[in-house]
>>> print(open('my_file-v4.tsv').read())   # TSV, C-alpha atoms
chain	number	residue	atom	x	y	z
A	222	MET	CA	-9.81	22.99	52.44
A	223	LYS	CA	-12.59	20.85	50.99
A	224	HIS	CA	-12.81	17.29	52.29
A	225	LEU	CA	-13.04	14.69	49.53
A	226	PRO	CA	-15.43	11.81	50.37
A	227	ARG	CA	-13.61	8.51	50.86
A	228	LYS	CA	-15.17	5.42	49.33
A	229	ARG	CA	-13.48	3.08	51.81
A	230	PHE	CA	-15.39	4.80	54.63
A	231	GLY	CA	-18.66	4.82	52.65
A	232	GLN	CA	-18.88	8.61	52.96
A	233	HIS	CA	-21.98	10.38	51.62
A	234	PHE	CA	-22.46	13.72	53.32
A	235	LEU	CA	-25.96	14.99	54.06
A	236	SER	CA	-26.45	18.41	52.46
A	237	ASP	CA	-30.20	19.14	52.23
A	238	SER	CA	-31.18	21.67	54.91
A	239	ALA	CA	-34.88	20.73	54.88
A	240	ILE	CA	-34.07	17.06	55.45
A	241	ILE	CA	-31.59	17.96	58.19
A	242	ASP	CA	-34.31	20.00	59.95
A	243	ALA	CA	-36.76	17.11	59.63
A	244	ILE	CA	-34.25	14.66	61.14
A	245	VAL	CA	-33.54	16.98	64.06
A	246	GLN	CA	-37.28	17.35	64.68
A	247	ALA	CA	-37.66	13.56	64.66
A	248	ILE	CA	-34.82	13.19	67.19
A	249	ALA	CA	-36.14	16.07	69.34
A	250	PRO	CA	-32.92	16.67	71.32
A	251	GLN	CA	-33.29	18.33	74.72
A	252	PRO	CA	-30.68	20.48	76.52
A	253	GLY	CA	-28.22	18.47	78.56
A	254	GLU	CA	-29.14	15.03	77.21
A	255	PRO	CA	-26.14	12.69	76.81
A	256	MET	CA	-26.03	11.94	73.08
A	257	VAL	CA	-23.54	10.21	70.81
A	258	GLU	CA	-23.41	10.79	67.07
A	259	ILE	CA	-21.81	8.13	64.87
A	260	GLY	CA	-20.05	9.41	61.74
A	261	PRO	CA	-20.62	13.17	62.01
A	262	GLY	CA	-18.75	13.83	58.77
A	263	LEU	CA	-18.88	17.50	57.88
A	264	ALA	CA	-21.16	18.25	60.85
A	265	ALA	CA	-24.33	18.96	58.85
A	266	LEU	CA	-26.43	17.20	61.49
A	267	THR	CA	-23.92	17.74	64.29
A	268	GLN	CA	-24.24	21.52	64.44
A	269	PRO	CA	-28.04	21.76	64.88
A	270	LEU	CA	-27.88	18.93	67.41
A	271	VAL	CA	-25.18	20.53	69.54
A	272	GLU	CA	-26.99	23.86	69.42
A	273	ARG	CA	-29.95	22.21	71.14
A	274	LEU	CA	-27.99	19.90	73.44
A	275	GLY	CA	-25.20	22.21	74.56
A	276	ARG	CA	-22.66	19.38	74.23
A	277	LEU	CA	-22.31	16.34	71.99
A	278	THR	CA	-19.99	13.34	71.77
A	279	VAL	CA	-19.09	12.16	68.26
A	280	VAL	CA	-17.44	8.98	66.97
A	281	GLU	CA	-15.40	9.56	63.80
A	282	LEU	CA	-12.96	7.19	62.08
A	283	ASP	CA	-11.65	9.57	59.42
A	284	ARG	CA	-8.56	11.21	60.95
A	285	ASP	CA	-8.85	14.40	58.89
A	286	LEU	CA	-12.48	14.89	59.90
A	287	ALA	CA	-11.65	14.15	63.53
A	288	VAL	CA	-9.04	16.93	63.47
A	289	ARG	CA	-11.67	19.38	62.22
A	290	LEU	CA	-14.23	18.26	64.77
A	291	ARG	CA	-11.81	18.78	67.66
A	292	THR	CA	-11.76	22.51	66.94
A	293	HIS	CA	-15.43	22.74	67.92
A	294	PRO	CA	-15.61	23.75	71.60
A	295	GLN	CA	-18.85	21.87	72.28
A	296	LEU	CA	-17.83	18.53	70.79
A	297	GLU	CA	-16.06	15.61	72.42
A	298	VAL	CA	-14.36	13.38	69.87
A	299	VAL	CA	-13.86	9.64	70.00
A	300	GLU	CA	-11.59	8.89	67.05
A	301	SER	CA	-12.27	5.24	66.36
A	302	ASP	CA	-13.89	2.54	64.30
A	303	VAL	CA	-17.40	2.48	65.79
A	304	LEU	CA	-17.28	-1.32	65.96
A	305	LYS	CA	-14.47	-1.03	68.52
A	306	VAL	CA	-16.23	1.47	70.77
A	307	ASP	CA	-17.55	0.17	74.08
A	308	PHE	CA	-20.80	2.13	74.31
A	309	THR	CA	-21.50	0.84	77.81
A	310	ALA	CA	-18.26	2.33	79.12
A	311	LEU	CA	-18.88	5.48	77.10
A	312	ALA	CA	-22.39	5.84	78.54
A	313	GLU	CA	-21.07	5.37	82.06
A	314	ARG	CA	-18.60	8.21	81.58
A	315	LEU	CA	-21.02	10.55	79.86
A	316	CYS	CA	-23.76	10.05	82.42
A	317	ALA	CA	-21.25	10.60	85.21
A	318	GLY	CA	-20.12	13.84	83.58
A	319	VAL	CA	-16.59	12.53	82.89
A	320	GLN	CA	-14.73	14.06	79.96
A	321	VAL	CA	-14.18	11.66	77.07
A	322	ARG	CA	-12.75	14.26	74.72
A	323	ASP	CA	-10.13	13.03	72.26
A	324	ILE	CA	-10.30	9.41	73.36
A	325	ALA	CA	-9.02	7.20	70.55
A	326	ALA	CA	-10.49	3.74	70.85
A	327	GLY	CA	-7.85	1.35	69.60
A	328	PRO	CA	-8.12	-2.41	69.05
A	329	SER	CA	-9.37	-4.38	72.02
A	330	GLN	CA	-6.95	-6.57	73.94
A	331	GLY	CA	-8.43	-9.49	75.83
A	332	ASP	CA	-11.44	-8.38	77.83
A	333	VAL	CA	-10.41	-4.73	77.96
A	334	SER	CA	-12.66	-2.50	75.87
A	335	PRO	CA	-11.44	0.45	73.76
A	336	LEU	CA	-12.85	2.90	76.27
A	337	GLY	CA	-11.76	1.01	79.35
A	338	GLY	CA	-13.45	-1.55	81.55
A	339	GLN	CA	-14.71	-5.04	80.83
A	340	ARG	CA	-16.91	-6.10	77.97
A	341	PRO	CA	-20.69	-5.51	78.36
A	342	ALA	CA	-21.56	-9.12	79.18
A	343	GLN	CA	-19.23	-9.01	82.18
A	344	ARG	CA	-20.05	-5.56	83.52
A	345	ARG	CA	-23.07	-4.01	85.16
A	346	SER	CA	-25.10	-1.57	83.09
A	347	VAL	CA	-25.39	2.04	84.17
A	348	GLY	CA	-28.58	3.61	85.46
A	349	ALA	CA	-28.66	6.56	83.07
A	350	ARG	CA	-28.88	6.09	79.32
A	351	ILE	CA	-27.56	7.73	76.19
A	352	ARG	CA	-29.24	8.61	72.92
A	353	VAL	CA	-27.47	7.48	69.75
A	354	VAL	CA	-27.83	9.04	66.30
A	355	GLY	CA	-25.98	8.96	63.01
A	356	ASN	CA	-25.75	8.66	59.26
A	357	LEU	CA	-24.32	5.14	59.25
A	358	PRO	CA	-21.91	3.90	56.58
A	359	TYR	CA	-24.13	1.70	54.43
A	360	ASN	CA	-21.40	-0.88	53.82
A	361	ILE	CA	-21.26	-1.81	57.54
A	362	SER	CA	-24.71	-0.79	58.77
A	363	SER	CA	-25.78	-4.28	59.92
A	364	PRO	CA	-22.57	-4.93	61.91
A	365	ILE	CA	-23.06	-1.56	63.64
A	366	LEU	CA	-26.65	-2.41	64.55
A	367	PHE	CA	-25.60	-5.75	66.03
A	368	HIS	CA	-22.69	-4.11	67.88
A	369	LEU	CA	-25.10	-1.65	69.49
A	370	LEU	CA	-27.41	-4.52	70.38
A	371	ASP	CA	-24.65	-5.66	72.77
A	372	HIS	CA	-25.02	-2.31	74.56
A	373	VAL	CA	-28.79	-1.85	74.36
A	374	ASP	CA	-29.19	-1.68	78.14
A	375	VAL	CA	-27.55	1.77	78.21
A	376	VAL	CA	-29.44	3.19	75.22
A	377	GLN	CA	-32.56	5.35	75.48
A	378	ASP	CA	-33.21	5.42	71.74
A	379	GLN	CA	-31.46	5.37	68.36
A	380	HIS	CA	-32.11	7.38	65.19
A	381	PHE	CA	-30.16	6.29	62.14
A	382	MET	CA	-29.95	7.18	58.49
A	383	LEU	CA	-29.66	3.92	56.57
A	384	GLN	CA	-30.24	2.45	53.16
A	385	LYS	CA	-34.03	2.30	52.78
A	386	GLU	CA	-34.07	-1.37	51.87
A	387	VAL	CA	-32.25	-2.18	55.12
A	388	ILE	CA	-34.85	-0.29	57.14
A	389	ASP	CA	-37.60	-2.05	55.18
A	390	ARG	CA	-36.11	-5.34	56.41
A	391	MET	CA	-35.74	-4.09	59.97
A	392	VAL	CA	-39.41	-3.15	60.34
A	393	ALA	CA	-40.89	-5.88	58.10
A	394	GLN	CA	-43.82	-8.01	59.22
A	395	PRO	CA	-44.08	-11.82	58.83
A	396	ALA	CA	-45.14	-13.28	55.49
A	397	THR	CA	-43.61	-10.42	53.51
A	398	ALA	CA	-40.60	-10.46	51.17
A	399	ASP	CA	-38.58	-8.14	53.43
A	400	TYR	CA	-39.10	-10.19	56.61
A	401	GLY	CA	-35.92	-12.05	57.47
A	402	ARG	CA	-33.10	-12.60	59.93
A	403	LEU	CA	-32.50	-8.87	60.49
A	404	SER	CA	-36.21	-8.34	61.28
A	405	VAL	CA	-36.32	-11.15	63.83
A	406	MET	CA	-32.97	-10.36	65.46
A	407	LEU	CA	-33.86	-6.72	66.09
A	408	GLN	CA	-37.61	-6.80	66.74
A	409	TRP	CA	-37.28	-8.96	69.86
A	410	ARG	CA	-35.45	-6.04	71.51
A	411	TYR	CA	-36.64	-2.82	69.80
A	412	ALA	CA	-39.82	-1.07	68.75
A	413	MET	CA	-38.90	0.38	65.36
A	414	GLU	CA	-40.43	2.68	62.77
A	415	ASN	CA	-39.42	4.25	59.48
A	416	VAL	CA	-39.82	7.97	60.19
A	417	LEU	CA	-38.45	9.72	57.09
A	418	PHE	CA	-37.67	9.02	53.43
A	419	VAL	CA	-34.44	10.58	52.11
A	420	PRO	CA	-33.74	10.61	48.34
A	421	PRO	CA	-30.19	10.37	46.91
A	422	GLU	CA	-30.03	14.04	45.89
A	423	CYS	CA	-29.94	15.04	49.56
A	424	PHE	CA	-26.32	13.84	49.76
A	425	ASP	CA	-22.95	14.86	48.36
A	426	PRO	CA	-21.99	12.70	46.59
A	427	PRO	CA	-25.42	11.11	45.96
A	428	PRO	CA	-25.55	7.39	46.79
A	429	ARG	CA	-27.01	4.98	44.25
A	430	VAL	CA	-29.79	3.98	46.62
A	431	ASP	CA	-32.69	5.55	48.48
A	432	SER	CA	-32.20	6.25	52.18
A	433	ALA	CA	-34.46	6.60	55.19
A	434	VAL	CA	-34.35	7.36	58.90
A	435	VAL	CA	-35.34	4.73	61.45
A	436	ARG	CA	-36.29	5.23	65.09
A	437	MET	CA	-35.29	2.36	67.40
A	438	VAL	CA	-36.59	2.35	70.97
A	439	PRO	CA	-35.45	-0.51	73.26
A	440	LEU	CA	-38.39	-2.40	74.75
A	441	ALA	CA	-38.89	-1.55	78.42
A	442	GLN	CA	-39.53	-5.20	79.34
A	443	PRO	CA	-37.90	-7.40	76.67
A	444	PRO	CA	-38.39	-11.16	76.85
A	445	ALA	CA	-35.59	-12.96	78.69
A	446	ILE	CA	-33.67	-15.19	76.29
A	447	ASP	CA	-30.25	-16.75	75.89
A	448	PHE	CA	-29.04	-14.57	73.04
A	449	ARG	CA	-26.64	-17.13	71.60
A	450	THR	CA	-29.41	-19.73	71.40
A	451	TYR	CA	-31.78	-17.21	69.82
A	452	SER	CA	-29.21	-16.09	67.26
A	453	ASP	CA	-28.36	-19.68	66.31
A	454	LEU	CA	-32.03	-20.58	66.03
A	455	VAL	CA	-32.84	-17.63	63.77
A	456	GLN	CA	-29.77	-18.12	61.58
A	457	THR	CA	-30.63	-21.79	61.12
A	458	SER	CA	-34.25	-20.97	60.28
A	459	PHE	CA	-33.35	-18.50	57.55
A	460	SER	CA	-30.39	-20.44	56.16
A	461	GLN	CA	-32.63	-21.85	53.42
A	462	ARG	CA	-35.65	-19.60	53.54
A	463	ARG	CA	-37.38	-21.18	50.52
A	464	LYS	CA	-37.60	-24.55	52.28
A	465	ILE	CA	-40.03	-25.46	55.01
A	466	LEU	CA	-38.58	-25.39	58.50
A	467	ARG	CA	-38.74	-29.16	58.90
A	468	ASN	CA	-35.69	-29.39	56.61
A	469	THR	CA	-33.62	-26.86	58.53
A	470	LEU	CA	-34.88	-25.93	61.98
A	471	GLY	CA	-36.35	-29.40	62.46
A	472	LYS	CA	-32.91	-31.00	62.54
A	473	TRP	CA	-31.62	-28.26	64.84
A	474	LEU	CA	-34.45	-28.88	67.31
A	475	GLU	CA	-34.04	-32.65	67.12
A	476	ALA	CA	-30.34	-32.32	68.02
A	477	ARG	CA	-31.40	-30.44	71.18
A	478	GLY	CA	-34.00	-32.99	72.21
A	479	PHE	CA	-36.94	-30.63	71.74
A	480	SER	CA	-40.24	-32.45	72.21
A	481	GLY	CA	-42.63	-29.51	72.38
A	482	GLU	CA	-45.08	-28.25	69.80
A	483	PHE	CA	-43.94	-26.02	66.95
A	484	ASP	CA	-45.34	-25.94	63.41
A	485	LEU	CA	-42.43	-26.87	61.15
A	486	GLN	CA	-44.63	-27.01	58.04
A	487	ARG	CA	-43.96	-23.29	57.46
A	488	ARG	CA	-41.20	-21.27	55.90
A	489	ALA	CA	-39.04	-19.12	58.17
A	490	GLU	CA	-40.63	-15.90	56.90
A	491	GLU	CA	-44.06	-17.04	58.09
A	492	VAL	CA	-43.14	-17.29	61.77
A	493	PRO	CA	-43.77	-14.22	63.98
A	494	VAL	CA	-41.00	-12.88	66.23
A	495	ALA	CA	-42.92	-13.90	69.37
A	496	GLU	CA	-42.88	-17.55	68.27
A	497	TYR	CA	-39.14	-17.50	67.64
A	498	VAL	CA	-38.65	-16.01	71.10
A	499	SER	CA	-40.86	-18.62	72.77
A	500	LEU	CA	-39.06	-21.44	70.96
A	501	ALA	CA	-35.65	-20.09	72.00
A	502	GLN	CA	-36.84	-19.94	75.62
A	503	ALA	CA	-38.01	-23.55	75.39
A	504	VAL	CA	-34.68	-24.94	74.15
A	505	GLN	CA	-32.13	-22.63	75.79
A	506	PRO	CA	-29.72	-24.18	78.31
>>> encode(input="my_file-v4.tsv", output="structure tokens")
Amino acid sequence: MKHLPRKRFGQHFLSDSAIIDAIVQAIAPQPGEPMVEIGPGLAALTQPLVERLGRLTVVELDRDLAVRLRTHPQLEVVESDVLKVDFTALAERLCAGVQVRDIAAGPSQGDVSPLGGQRPAQRRSVGARIRVVGNLPYNISSPILFHLLDHVDVVQDQHFMLQKEVIDRMVAQPATADYGRLSVMLQWRYAMENVLFVPPECFDPPPRVDSAVVRMVPLAQPPAIDFRTYSDLVQTSFSQRRKILRNTLGKWLEARGFSGEFDLQRRAEEVPVAEYVSLAQAVQP
């Protein structure tokens, strides 16, 4: 029975075999690697991945698709909203060789995560790491990226299909139109590159936008920062990006008693990531 794409899940199924091959080559899966695919859909990318890996864990919200996926003997299914999945707990189980098949990650209660254990900030990270891939729903792509940022310590790398304009913002350099909050929030922690352009006709149904594939590799030695301070600083800076920072960030720094040197006669888009990081380190508690 044919599965009808559901708009509420932002479903656009990859159907171009040449593009699928190119994505798999970019990911370069190796036998036995612990890998998690987000939103496998009709398994267009899933099948060539699992053929190379031997086993694959998938996260799927659509109940009908999850039922289909469970019939595949080499797949382990986490039926859940990806934003409720504790990837740190999942990585711990996968790297320990523990079965996670058919785990349904329900709403969190207190500090207990959908897959068991405490939340990432309160729990040690595991030694081994997982690889994460997926054709992300475009309507919630940014929330997914920030959710995974909470679990970056257990991630080896990430390859995602996203709306091209989102990837353009992710990898943008200072003093360009695409450089913004998303660029600064992700570049402090990842090395990123746009590895493949994907036109709308490669999907069924075709989206109304161009797509691309991004590679995200966590930095081996990221700068130590208080993330809440950094996030607040960046959000304040880009809250009125057309104004010079003296009118926005200046007041924020004054409230924190900052007396160091920082050029506030610039717009937020002119400041490199390294300077935002250094400023956050200077004012963090």
>>> atom_distance(input="my_file-v4.tsv", atom1="CA of Ala398 in chain A", atom2="CA of Ala433 in chain A")
18.6 Å
>>> closest_residue(input="my_file-v4.tsv", among="A:Ser362, A:Thr267, A:Ser432, A:Gln486", to="Lys464 in chain A", atoms="all atoms listed in the file")
A:Gln486
>>> axis_aligned_box(input="my_file-v4.tsv", around="range 256-269 of chain A", padding_each_side="5 Å", output="JSON")
{"center_x": -23.4, "center_y": 14.9, "center_z": 65.5, "size_x": 19.3, "size_y": 23.6, "size_z": 25.2}
>>> closest_atom_pairs(input="my_file-v4.tsv", of="range 250-309 of chain A", to="range 424-428 of chain A", cutoff="12 Å", atoms="all atoms listed in the file", output="Markdown table")
| residue | atom | partner | partner_atom | distance |
| --- | --- | --- | --- | --- |
| A:Gly262 | CA | A:Asp425 | CA | 11.3 |
| A:Leu263 | CA | A:Asp425 | CA | 10.7 |
| A:Ala265 | CA | A:Phe424 | CA | 10.6 |
>>> write_last_selection(input="my_file-v4.tsv", atoms="C-alpha atoms", output="mmCIF file, in the coordinates of the input")
data_model
loop_
_atom_site.group_PDB
_atom_site.id
_atom_site.type_symbol
_atom_site.label_atom_id
_atom_site.label_comp_id
_atom_site.auth_asym_id
_atom_site.auth_seq_id
_atom_site.Cartn_x
_atom_site.Cartn_y
_atom_site.Cartn_z
ATOM 1 C CA GLY A 262 -18.750 13.830 58.770
ATOM 2 C CA LEU A 263 -18.880 17.500 57.880
ATOM 3 C CA ALA A 265 -24.330 18.960 58.850
#
>>> residues_around(input="my_file-v4.tsv", residues="Val245 in chain A", least_positions_apart="2", cutoff="12 Å", atoms="all atoms listed in the file", output="list in words")
Ser238, Ala239, Ile240, Ile241, Asp242, Ala243, Ala247, Ile248, Ala249, Pro250, Gln251, Ala265, Leu266, Thr267, Gln268, Pro269, Leu270, Val271, Glu272, Arg273, Leu274, Val354, Gly355, His380, Phe381, Met382, Val416, Leu417 and Val434 of chain A
>>> write_last_selection(input="my_file-v4.tsv", atoms="C-alpha atoms", output="CSV table (one decimal), keeping the file's coordinate frame")
chain,number,residue,atom,x,y,z
A,238,SER,CA,-31.2,21.7,54.9
A,239,ALA,CA,-34.9,20.7,54.9
A,240,ILE,CA,-34.1,17.1,55.4
A,241,ILE,CA,-31.6,18.0,58.2
A,242,ASP,CA,-34.3,20.0,60.0
A,243,ALA,CA,-36.8,17.1,59.6
A,247,ALA,CA,-37.7,13.6,64.7
A,248,ILE,CA,-34.8,13.2,67.2
A,249,ALA,CA,-36.1,16.1,69.3
A,250,PRO,CA,-32.9,16.7,71.3
A,251,GLN,CA,-33.3,18.3,74.7
A,265,ALA,CA,-24.3,19.0,58.8
A,266,LEU,CA,-26.4,17.2,61.5
A,267,THR,CA,-23.9,17.7,64.3
A,268,GLN,CA,-24.2,21.5,64.4
A,269,PRO,CA,-28.0,21.8,64.9
A,270,LEU,CA,-27.9,18.9,67.4
A,271,VAL,CA,-25.2,20.5,69.5
A,272,GLU,CA,-27.0,23.9,69.4
A,273,ARG,CA,-30.0,22.2,71.1
A,274,LEU,CA,-28.0,19.9,73.4
A,354,VAL,CA,-27.8,9.0,66.3
A,355,GLY,CA,-26.0,9.0,63.0
A,380,HIS,CA,-32.1,7.4,65.2
A,381,PHE,CA,-30.2,6.3,62.1
A,382,MET,CA,-30.0,7.2,58.5
A,416,VAL,CA,-39.8,8.0,60.2
A,417,LEU,CA,-38.4,9.7,57.1
A,434,VAL,CA,-34.4,7.4,58.9
>>> atom_distance(input="my_file-v4.tsv", atom1="CA of Thr278 in chain A", atom2="CA of Met391 in chain A")
26.3 Å
>>> residues_around(input="my_file-v4.tsv", residues="Pro506 in chain A", least_positions_apart="3", cutoff="9 Å", atoms="all atoms listed in the file", output="list in words")
Asp447, Thr450, Gln502 and Ala503 of chain A
>>> atom_distance(input="my_file-v4.tsv", atom1="CA of Asp237 in chain A", atom2="CA of Val303 in chain A")
25.0 Å
>>> closest_residue(input="my_file-v4.tsv", among="A:Met437, A:Ala349, A:Cys423, A:Leu454", to="Ile388 in chain A", atoms="only C-alpha atoms")
A:Met437
>>> residues_around(input="my_file-v4.tsv", residues="Tyr411 in chain A", least_positions_apart="5", cutoff="6 Å", atoms="all atoms listed in the file", output="VMD selection string")
chain A and resid 437 to 440
>>> residues_around(input="my_file-v4.tsv", residues="range 284-289 of chain A", least_positions_apart="2", cutoff="7 Å", atoms="all atoms listed in the file", output="tab-separated table (two decimals) with C-alpha atoms, keeping the file's coordinate frame")
chain	number	residue	atom	x	y	z
A	262	GLY	CA	-18.75	13.83	58.77
A	281	GLU	CA	-15.40	9.56	63.80
A	282	LEU	CA	-12.96	7.19	62.08
A	291	ARG	CA	-11.81	18.78	67.66
A	292	THR	CA	-11.76	22.51	66.94
A	298	VAL	CA	-14.36	13.38	69.87
A	300	GLU	CA	-11.59	8.89	67.05
>>> residues_around(input="my_file-v4.tsv", residues="Leu304 in chain A", least_positions_apart="2", cutoff="9 Å", atoms="only C-alpha atoms", output="ChimeraX atom specification")
/A:301-302,306-307,364-365,368-369
>>> write_last_selection(input="my_file-v4.tsv", atoms="C-alpha atoms", output="PDB file, keeping the file's coordinate frame")
ATOM      1  CA  SER A 301     -12.270   5.240  66.360  1.00  0.00           C
ATOM      2  CA  ASP A 302     -13.890   2.540  64.300  1.00  0.00           C
ATOM      3  CA  VAL A 306     -16.230   1.470  70.770  1.00  0.00           C
ATOM      4  CA  ASP A 307     -17.550   0.170  74.080  1.00  0.00           C
ATOM      5  CA  PRO A 364     -22.570  -4.930  61.910  1.00  0.00           C
ATOM      6  CA  ILE A 365     -23.060  -1.560  63.640  1.00  0.00           C
ATOM      7  CA  HIS A 368     -22.690  -4.110  67.880  1.00  0.00           C
ATOM      8  CA  LEU A 369     -25.100  -1.650  69.490  1.00  0.00           C
TER       9      LEU A 369
END
>>> decode(input="my_file-v4.tsv", residues="range 375-393 of chain A", atoms="N, CA, C and O atoms", output="mmCIF file, in the first residue's frame")
data_model
loop_
_atom_site.group_PDB
_atom_site.id
_atom_site.type_symbol
_atom_site.label_atom_id
_atom_site.label_comp_id
_atom_site.auth_asym_id
_atom_site.auth_seq_id
_atom_site.Cartn_x
_atom_site.Cartn_y
_atom_site.Cartn_z
ATOM 1 N N VAL A 375 28.692 13.051 22.165
ATOM 2 C CA VAL A 375 28.620 11.631 21.800
ATOM 3 C C VAL A 375 28.462 11.447 20.292
ATOM 4 O O VAL A 375 28.105 10.376 19.823
ATOM 5 N N VAL A 376 28.722 12.495 19.534
ATOM 6 C CA VAL A 376 28.542 12.455 18.078
ATOM 7 C C VAL A 376 29.893 12.520 17.366
ATOM 8 O O VAL A 376 30.705 13.402 17.646
ATOM 9 N N GLN A 377 30.107 11.597 16.458
ATOM 10 C CA GLN A 377 31.324 11.602 15.629
ATOM 11 C C GLN A 377 31.187 12.581 14.476
ATOM 12 O O GLN A 377 32.078 13.377 14.198
ATOM 13 N N ASP A 378 30.062 12.509 13.773
ATOM 14 C CA ASP A 378 29.764 13.467 12.715
ATOM 15 C C ASP A 378 28.278 13.401 12.375
ATOM 16 O O ASP A 378 27.558 12.504 12.815
ATOM 17 N N GLN A 379 27.822 14.385 11.609
ATOM 18 C CA GLN A 379 26.418 14.467 11.196
ATOM 19 C C GLN A 379 26.364 14.827 9.712
ATOM 20 O O GLN A 379 27.097 15.716 9.261
ATOM 21 N N HIS A 380 25.505 14.145 8.976
ATOM 22 C CA HIS A 380 25.237 14.479 7.577
ATOM 23 C C HIS A 380 23.732 14.646 7.422
ATOM 24 O O HIS A 380 22.977 13.684 7.643
ATOM 25 N N PHE A 381 23.307 15.851 7.041
ATOM 26 C CA PHE A 381 21.877 16.127 6.969
ATOM 27 C C PHE A 381 21.486 16.754 5.637
ATOM 28 O O PHE A 381 22.191 17.616 5.109
ATOM 29 N N MET A 382 20.338 16.303 5.139
ATOM 30 C CA MET A 382 19.685 16.990 4.037
ATOM 31 C C MET A 382 18.812 18.081 4.647
ATOM 32 O O MET A 382 17.990 17.825 5.517
ATOM 33 N N LEU A 383 19.024 19.313 4.174
ATOM 34 C CA LEU A 383 18.288 20.457 4.691
ATOM 35 C C LEU A 383 17.940 21.402 3.554
ATOM 36 O O LEU A 383 18.461 21.279 2.437
ATOM 37 N N GLN A 384 17.087 22.352 3.855
ATOM 38 C CA GLN A 384 16.817 23.422 2.905
ATOM 39 C C GLN A 384 18.135 24.148 2.636
ATOM 40 O O GLN A 384 18.881 24.476 3.559
ATOM 41 N N LYS A 385 18.444 24.395 1.371
ATOM 42 C CA LYS A 385 19.741 24.983 1.011
ATOM 43 C C LYS A 385 19.981 26.318 1.703
ATOM 44 O O LYS A 385 21.108 26.600 2.138
ATOM 45 N N GLU A 386 18.962 27.122 1.835
ATOM 46 C CA GLU A 386 19.178 28.436 2.445
ATOM 47 C C GLU A 386 19.524 28.310 3.931
ATOM 48 O O GLU A 386 20.223 29.169 4.482
ATOM 49 N N VAL A 387 19.085 27.239 4.572
ATOM 50 C CA VAL A 387 19.466 27.009 5.966
ATOM 51 C C VAL A 387 20.949 26.644 6.049
ATOM 52 O O VAL A 387 21.687 27.158 6.896
ATOM 53 N N ILE A 388 21.387 25.767 5.139
ATOM 54 C CA ILE A 388 22.805 25.395 5.121
ATOM 55 C C ILE A 388 23.671 26.598 4.768
ATOM 56 O O ILE A 388 24.764 26.771 5.323
ATOM 57 N N ASP A 389 23.194 27.443 3.860
ATOM 58 C CA ASP A 389 23.932 28.662 3.526
ATOM 59 C C ASP A 389 24.168 29.511 4.772
ATOM 60 O O ASP A 389 25.245 30.108 4.940
ATOM 61 N N ARG A 390 23.168 29.555 5.659
ATOM 62 C CA ARG A 390 23.310 30.315 6.903
ATOM 63 C C ARG A 390 24.245 29.610 7.875
ATOM 64 O O ARG A 390 24.999 30.251 8.600
ATOM 65 N N MET A 391 24.192 28.293 7.909
ATOM 66 C CA MET A 391 25.029 27.531 8.824
ATOM 67 C C MET A 391 26.515 27.739 8.552
ATOM 68 O O MET A 391 27.318 27.875 9.478
ATOM 69 N N VAL A 392 26.881 27.767 7.267
ATOM 70 C CA VAL A 392 28.303 27.820 6.895
ATOM 71 C C VAL A 392 28.770 29.224 6.526
ATOM 72 O O VAL A 392 29.928 29.417 6.142
ATOM 73 N N ALA A 393 27.896 30.221 6.666
ATOM 74 C CA ALA A 393 28.206 31.587 6.221
ATOM 75 C C ALA A 393 29.376 32.204 6.980
ATOM 76 O O ALA A 393 29.629 31.904 8.147
#
